[in-house]
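Undergrad: I have a structure I would like to understand better, so I am pasting it below and will then ask my questions one at a time.
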Amino acid sequence: MSSSTLKKISIYTAGALSGLALSIGLQSIAADTPAPKEKAQGLPIKSLESMAQVYAQIKANYVRDEPDEKLLENAMKGMVSGLDPHSEYLDKKAYESMKEATTGEFGGLGMEIGAEDGFVKVIAPIEDTPAERAGVKSGDYIVKINSESTRGLSVNEAVKKMRGKPNTKITLTLSRKGASKPIEVQLTRAIIKVKSVRAHLLDGGYGYIRVTQFQAPTVDNVVQAVNDLTKENGGALKGIVLDLRDDPGGLLNGAVGVSSVFLPKDNVIVRTKGRGDKIISALKNTPEDYIVKSGTDPLSKLPSEIKTVLVTVLINSGSASASEIVAGALQDHKRAVIVGTRSYGKGSVQTLIPISKETAVKFTTALYYTPNDRSIQAVGIVPDVEVVDKTRTFESREADLDGHIGNPLGADDVKGGVVKQASEPVQTASEVKVEAASEPSLEELSSRRKPNPEKDEQLRKALDLLKNPTQWQQSLGEAAKKEAAAKAKTAKKK
């Protein structure tokens, strides 16, 4: 190695270590007055020395002279993304995308994604978007975006590649469990205007309310749906099916508000606990906890009988985060019977913290707990009445994600997998033609959106329970009873 190179390395190392020394000095000053209940910890000197050495080697010997800003940004990205699958450093573009995502209107394909095994994985396509219309399914791996491999891409980087100007084309290559070859679909980017709530009056005076995502207007939209169904029915509804299947979540306020529609006042909906099991918040069904924007309480417009009408809630492995909070709250308060399959298991809270006007970090700061102090994380919500969707061949869950946080109460992780009772064959890539990715007719879309108990076994069971109040009552809290019995059996064996 030449003397000039050695000199260059020593200069970079000296510079990095002088900054390290300054940090250590500041740390020692701060340590004199430690934060309450927090034990002061020294900096990991050896690790920081190694980091300085790596930085110096890159600056001295890497094939290109990379800007310091890029190296430091990459270091920040790696530091945050290594925490868990939902934590990330957001650069300018990603920060703007994040702020757009909860407004209900943004450019892209329309799906919730995560990372698993170094690839991008679909948690759930959002209803009535290019992704859903093209046939993208929950559990699909996106292995290529426009012929470029997604191997090693972060969720944020994948989002960047998939978003673009409306009406531009994009090709995704999907790997699907059961398919013999990758499936290629062509999509057209669009301004995603997510209609988070839709409702239908089912035969016999029963209401059906579908929530596809929790957004700022969701609570108002659910209230409007209840009132419209009541009016269409010509009087009080006999029961309501709340469909949260493949709802990837969204705003916490929306989850609290939708739960509050069916619960009397002053009931806890969800608790959040941070480091050291410290309670950060206990959100109740009071206006200050669910009103997203200032104004009158939307729930004041509800018919009084909504607090006592029979309710069933549909969930599946695509029901995540906010939808799990609703299902858990209504289940714990014995206000609804939960029907379907175990939910996704995302029980973590991410906080968006601006670093500058253009950048931010989003990382996990707490975990969700249901009113009965159950943790959703990596286990999900277990339905009171299990009904397998026989058209669903594979289920994906939080516990499948690399680096996920385990359940804080010690419950075993519940992973996804092949649905054993799936009866319909999976369509292979050879059977999927490019034409299959074209958008369906308005007639086909209309048929797909309308709930049909004849063709939907889970919906049929949820409706049957509403029609049989005795059976509905007997099914309340059934999941908790089974869990208690299983624990007692295990304890007896021990």
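Letters A, B, ... mark the chains of the structure tokens in the order given; residue numbers begin at 1 per chain; ligand numbers begin at 1, in order shown.
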Would you kindly return, as a list in words, each protein, DNA or RNA residue with an atom no farther than 8 Å from any atom of region 401-414 of chain A, considering only C-alpha atoms and excluding same-chain residues fewer than 4 positions away?

TA: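 The contact residues come out as Gly82, Leu83, Asp84, Pro85, Gly114, Ala115, Glu116, Asp117, Ser375, Ile376, Gln377, Ala378, Val379, Gly380 and Arg397 of chain A.
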
Undergrad: Go ahead and save the residues from that selection, with N, CA and C atoms, as a short mmCIF file (atom, residue, chain, number, x, y, z; two decimals), in the first residue's frame.

TA:
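Printed below is result.cif as written:
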data_model
loop_
_atom_site.label_atom_id
_atom_site.label_comp_id
_atom_site.auth_asym_id
_atom_site.auth_seq_id
_atom_site.Cartn_x
_atom_site.Cartn_y
_atom_site.Cartn_z
N GLY A 82 -32.47 -1.79 10.24
CA GLY A 82 -32.05 -3.00 10.95
C GLY A 82 -32.79 -3.24 12.24
N LEU A 83 -33.60 -2.27 12.67
CA LEU A 83 -34.33 -2.42 13.93
C LEU A 83 -35.46 -3.44 13.82
N ASP A 84 -36.31 -3.28 12.82
CA ASP A 84 -37.43 -4.19 12.56
C ASP A 84 -37.98 -3.89 11.17
N PRO A 85 -38.87 -4.70 10.63
CA PRO A 85 -39.33 -4.51 9.25
C PRO A 85 -40.12 -3.23 9.00
N GLY A 114 -44.46 -5.28 2.49
CA GLY A 114 -43.47 -5.45 3.54
C GLY A 114 -42.25 -6.14 2.95
N ALA A 115 -41.29 -6.50 3.80
CA ALA A 115 -40.08 -7.17 3.32
C ALA A 115 -39.93 -8.53 4.00
N GLU A 116 -39.57 -9.53 3.21
CA GLU A 116 -39.35 -10.87 3.77
C GLU A 116 -38.33 -11.62 2.92
N ASP A 117 -37.38 -12.26 3.57
CA ASP A 117 -36.36 -13.06 2.89
C ASP A 117 -35.62 -12.27 1.80
N SER A 375 -51.48 -8.74 23.71
CA SER A 375 -50.64 -8.16 22.67
C SER A 375 -50.95 -8.82 21.33
N ILE A 376 -51.13 -7.99 20.32
CA ILE A 376 -51.43 -8.48 18.96
C ILE A 376 -50.15 -8.93 18.26
N GLN A 377 -49.01 -8.40 18.69
CA GLN A 377 -47.76 -8.55 17.96
C GLN A 377 -47.36 -10.00 17.71
N ALA A 378 -47.20 -10.31 16.41
CA ALA A 378 -46.71 -11.61 15.91
C ALA A 378 -47.64 -12.78 16.19
N VAL A 379 -48.83 -12.52 16.77
CA VAL A 379 -49.80 -13.60 16.98
C VAL A 379 -51.16 -13.28 16.35
N GLY A 380 -51.52 -11.99 16.28
CA GLY A 380 -52.78 -11.61 15.67
C GLY A 380 -53.99 -11.82 16.57
N ARG A 397 -48.06 -13.62 7.36
CA ARG A 397 -48.26 -12.90 8.62
C ARG A 397 -47.00 -12.15 9.05
#

Undergrad: Identify, on the basis of only C-alpha atoms, every residue whose closest approach to region 70-75 of chain A does not exceed 12 Å; exclude the query and any residue fewer than 2 positions from it along the same chain; express the result as number ranges by chain.

TA: A: 16, 51-52, 54-59, 62, 64-68, 77-82, 88-92, 154, 359-361

Undergrad: Determine the nearest neighbour of Ser348 (chain A) from the options A:Val385, A:Ala329, A:Ala320, A:Ala336, counting only C-alpha atoms.

TA: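 So, comparing all the options, the nearest one is A:Ala320.
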
Undergrad: Which residues in region 192-372 of chain A does DSSP call helix (DSSP H, G or I)? List them as a ChimeraX atom specification.

TA: /A:218-233,252-262,275-277,287-290,298-301,304-307,322-332

Undergrad: Restricting the output to N, CA and C atoms, write the selected residues as a short mmCIF file (atom, residue, chain, number, x, y, z; two decimals), in the first residue's frame.

TA:
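For reference, selection02.cif as written:
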data_model
loop_
_atom_site.label_atom_id
_atom_site.label_comp_id
_atom_site.auth_asym_id
_atom_site.auth_seq_id
_atom_site.Cartn_x
_atom_site.Cartn_y
_atom_site.Cartn_z
N THR A 218 -62.63 8.02 7.46
CA THR A 218 -63.25 6.70 7.65
C THR A 218 -64.37 6.71 8.69
N VAL A 219 -64.15 7.36 9.83
CA VAL A 219 -65.18 7.37 10.88
C VAL A 219 -66.46 8.02 10.37
N ASP A 220 -66.32 9.19 9.73
CA ASP A 220 -67.49 9.87 9.16
C ASP A 220 -68.19 8.99 8.14
N ASN A 221 -67.39 8.27 7.33
CA ASN A 221 -67.97 7.42 6.29
C ASN A 221 -68.72 6.22 6.87
N VAL A 222 -68.21 5.65 7.97
CA VAL A 222 -68.91 4.54 8.61
C VAL A 222 -70.23 5.02 9.21
N VAL A 223 -70.20 6.19 9.85
CA VAL A 223 -71.44 6.77 10.41
C VAL A 223 -72.46 7.00 9.30
N GLN A 224 -71.99 7.53 8.17
CA GLN A 224 -72.88 7.77 7.04
C GLN A 224 -73.45 6.46 6.52
N ALA A 225 -72.61 5.43 6.48
CA ALA A 225 -73.06 4.11 6.00
C ALA A 225 -74.15 3.55 6.90
N VAL A 226 -73.97 3.66 8.22
CA VAL A 226 -74.98 3.16 9.16
C VAL A 226 -76.31 3.89 8.94
N ASN A 227 -76.24 5.21 8.81
CA ASN A 227 -77.46 6.01 8.63
C ASN A 227 -78.14 5.71 7.29
N ASP A 228 -77.35 5.53 6.25
CA ASP A 228 -77.91 5.23 4.92
C ASP A 228 -78.59 3.85 4.92
N LEU A 229 -77.95 2.87 5.55
CA LEU A 229 -78.52 1.53 5.62
C LEU A 229 -79.81 1.52 6.43
N THR A 230 -79.81 2.28 7.54
CA THR A 230 -81.02 2.37 8.38
C THR A 230 -82.17 3.00 7.60
N LYS A 231 -81.84 4.03 6.85
CA LYS A 231 -82.86 4.71 6.04
C LYS A 231 -83.37 3.78 4.95
N GLU A 232 -82.45 3.09 4.27
CA GLU A 232 -82.83 2.18 3.19
C GLU A 232 -83.69 1.04 3.71
N ASN A 233 -83.40 0.61 4.95
CA ASN A 233 -84.14 -0.49 5.55
C ASN A 233 -85.51 -0.06 6.05
N LEU A 252 -54.66 5.37 13.50
CA LEU A 252 -55.11 4.86 14.79
C LEU A 252 -56.43 5.50 15.21
N ASN A 253 -56.57 6.82 14.95
CA ASN A 253 -57.82 7.51 15.30
C ASN A 253 -59.01 6.87 14.61
N GLY A 254 -58.79 6.43 13.38
CA GLY A 254 -59.87 5.78 12.63
C GLY A 254 -60.30 4.49 13.28
N ALA A 255 -59.33 3.71 13.78
CA ALA A 255 -59.64 2.45 14.45
C ALA A 255 -60.42 2.71 15.74
N VAL A 256 -60.01 3.72 16.50
CA VAL A 256 -60.70 4.06 17.74
C VAL A 256 -62.13 4.52 17.43
N GLY A 257 -62.28 5.33 16.39
CA GLY A 257 -63.60 5.84 16.01
C GLY A 257 -64.55 4.76 15.53
N VAL A 258 -64.07 3.84 14.70
CA VAL A 258 -64.93 2.77 14.20
C VAL A 258 -65.34 1.85 15.34
N SER A 259 -64.42 1.56 16.26
CA SER A 259 -64.78 0.76 17.45
C SER A 259 -65.84 1.48 18.27
N SER A 260 -65.69 2.80 18.38
CA SER A 260 -66.60 3.61 19.20
C SER A 260 -68.01 3.66 18.64
N VAL A 261 -68.15 3.40 17.34
CA VAL A 261 -69.49 3.38 16.74
C VAL A 261 -70.37 2.36 17.45
N PHE A 262 -69.77 1.24 17.85
CA PHE A 262 -70.55 0.13 18.39
C PHE A 262 -70.48 -0.01 19.92
N ARG A 275 -41.08 1.29 25.86
CA ARG A 275 -39.94 0.62 26.49
C ARG A 275 -40.20 0.39 27.98
N GLY A 276 -39.84 -0.80 28.46
CA GLY A 276 -40.04 -1.12 29.86
C GLY A 276 -41.49 -1.36 30.22
N ASP A 277 -42.31 -1.66 29.21
CA ASP A 277 -43.74 -1.95 29.44
C ASP A 277 -44.48 -0.74 30.01
N PRO A 287 -64.62 11.53 22.13
CA PRO A 287 -64.34 12.34 20.94
C PRO A 287 -62.89 12.77 20.79
N GLU A 288 -62.24 13.13 21.90
CA GLU A 288 -60.86 13.61 21.78
C GLU A 288 -59.90 12.54 21.27
N ASP A 289 -60.31 11.26 21.36
CA ASP A 289 -59.43 10.18 20.92
C ASP A 289 -59.73 9.69 19.50
N TYR A 290 -60.86 10.10 18.92
CA TYR A 290 -61.14 9.63 17.56
C TYR A 290 -61.45 10.72 16.56
N PRO A 298 -68.81 13.12 15.03
CA PRO A 298 -69.58 12.41 14.01
C PRO A 298 -70.51 11.34 14.59
N LEU A 299 -70.12 10.77 15.76
CA LEU A 299 -70.92 9.71 16.35
C LEU A 299 -72.24 10.21 16.94
N SER A 300 -72.37 11.52 17.10
CA SER A 300 -73.62 12.08 17.63
C SER A 300 -74.77 11.92 16.63
N LYS A 301 -74.43 11.60 15.39
CA LYS A 301 -75.44 11.46 14.34
C LYS A 301 -75.96 10.02 14.22
N SER A 304 -79.58 5.51 18.03
CA SER A 304 -79.26 5.00 19.37
C SER A 304 -79.13 3.48 19.41
N GLU A 305 -79.89 2.77 18.56
CA GLU A 305 -79.88 1.30 18.61
C GLU A 305 -78.57 0.69 18.12
N ILE A 306 -77.68 1.50 17.53
CA ILE A 306 -76.42 0.97 17.02
C ILE A 306 -75.55 0.40 18.14
N LYS A 307 -75.77 0.85 19.37
CA LYS A 307 -74.97 0.37 20.50
C LYS A 307 -75.38 -1.03 20.98
N ALA A 322 -54.57 -1.41 12.37
CA ALA A 322 -55.79 -0.74 12.82
C ALA A 322 -57.00 -1.66 12.78
N SER A 323 -57.09 -2.53 11.77
CA SER A 323 -58.23 -3.45 11.70
C SER A 323 -58.17 -4.49 12.82
N GLU A 324 -56.95 -4.85 13.27
CA GLU A 324 -56.81 -5.77 14.39
C GLU A 324 -57.19 -5.10 15.71
N ILE A 325 -56.95 -3.79 15.79
CA ILE A 325 -57.34 -3.04 16.99
C ILE A 325 -58.86 -3.05 17.14
N VAL A 326 -59.56 -2.81 16.03
CA VAL A 326 -61.03 -2.82 16.06
C VAL A 326 -61.54 -4.20 16.45
N ALA A 327 -61.03 -5.24 15.78
CA ALA A 327 -61.48 -6.61 16.07
C ALA A 327 -61.18 -6.97 17.53
N GLY A 328 -60.00 -6.61 18.02
CA GLY A 328 -59.63 -6.93 19.39
C GLY A 328 -60.48 -6.21 20.42
N ALA A 329 -60.80 -4.94 20.16
CA ALA A 329 -61.61 -4.15 21.09
C ALA A 329 -63.04 -4.71 21.17
N LEU A 330 -63.64 -4.97 20.02
CA LEU A 330 -65.02 -5.48 20.00
C LEU A 330 -65.08 -6.90 20.57
N GLN A 331 -64.01 -7.66 20.40
CA GLN A 331 -63.97 -9.01 20.94
C GLN A 331 -63.82 -8.99 22.47
N ASP A 332 -62.90 -8.16 22.98
CA ASP A 332 -62.67 -8.10 24.43
C ASP A 332 -63.88 -7.57 25.19
#

Undergrad: Write out as an NGL selection string the residues lying within 9 Å of region 351-355 of chain A, counting only C-alpha atoms and excluding same-chain residues fewer than 2 positions away.

TA: :A and (95 or 349 or 357-366)

Undergrad: Could you tell me how far CA of Ser396 (chain A) sits from CA of Pro453 (chain A), in Å to one decimal place?

TA: 24.9 Å

Undergrad: So that I can check the secondary structure, give me every residue of region 159-230 of chain A assigned strand (DSSP E or B) by backbone DSSP, as an mmCIF file with C-alpha atoms, in the first residue's frame.

TA:
data_model
loop_
_atom_site.group_PDB
_atom_site.id
_atom_site.type_symbol
_atom_site.label_atom_id
_atom_site.label_comp_id
_atom_site.auth_asym_id
_atom_site.auth_seq_id
_atom_site.Cartn_x
_atom_site.Cartn_y
_atom_site.Cartn_z
ATOM 1 C CA LYS A 169 -47.093 1.439 -17.388
ATOM 2 C CA ILE A 170 -45.208 -0.818 -15.014
ATOM 3 C CA THR A 171 -44.558 -4.558 -15.094
ATOM 4 C CA LEU A 172 -44.326 -6.632 -11.923
ATOM 5 C CA THR A 173 -43.030 -10.190 -11.763
ATOM 6 C CA LEU A 174 -44.679 -12.103 -8.932
ATOM 7 C CA SER A 175 -43.740 -15.313 -7.194
ATOM 8 C CA ILE A 183 -46.360 -14.564 -12.907
ATOM 9 C CA GLU A 184 -45.938 -11.355 -14.888
ATOM 10 C CA VAL A 185 -48.576 -8.634 -14.671
ATOM 11 C CA GLN A 186 -48.779 -5.252 -16.363
ATOM 12 C CA LEU A 187 -50.331 -2.383 -14.458
ATOM 13 C CA THR A 188 -51.105 1.240 -15.211
ATOM 14 C CA ALA A 190 -53.090 5.855 -11.250
ATOM 15 C CA ILE A 191 -53.991 8.478 -8.708
ATOM 16 C CA ILE A 192 -55.167 6.202 -5.914
ATOM 17 C CA LYS A 193 -58.443 7.496 -4.564
ATOM 18 C CA VAL A 197 -65.965 2.448 3.240
ATOM 19 C CA ARG A 198 -68.754 0.874 1.236
ATOM 20 C CA ALA A 199 -72.054 -0.540 2.424
ATOM 21 C CA HIS A 200 -74.897 -2.754 1.241
ATOM 22 C CA LEU A 201 -78.243 -3.764 2.694
ATOM 23 C CA LEU A 202 -78.480 -7.547 2.778
ATOM 24 C CA TYR A 206 -79.059 -6.802 7.845
ATOM 25 C CA GLY A 207 -76.324 -4.297 7.073
ATOM 26 C CA TYR A 208 -72.926 -4.983 5.514
ATOM 27 C CA ILE A 209 -70.133 -2.424 6.010
ATOM 28 C CA ARG A 210 -66.744 -2.937 4.386
ATOM 29 C CA VAL A 211 -63.727 -0.903 5.584
ATOM 30 C CA PHE A 214 -58.444 3.479 7.936
#
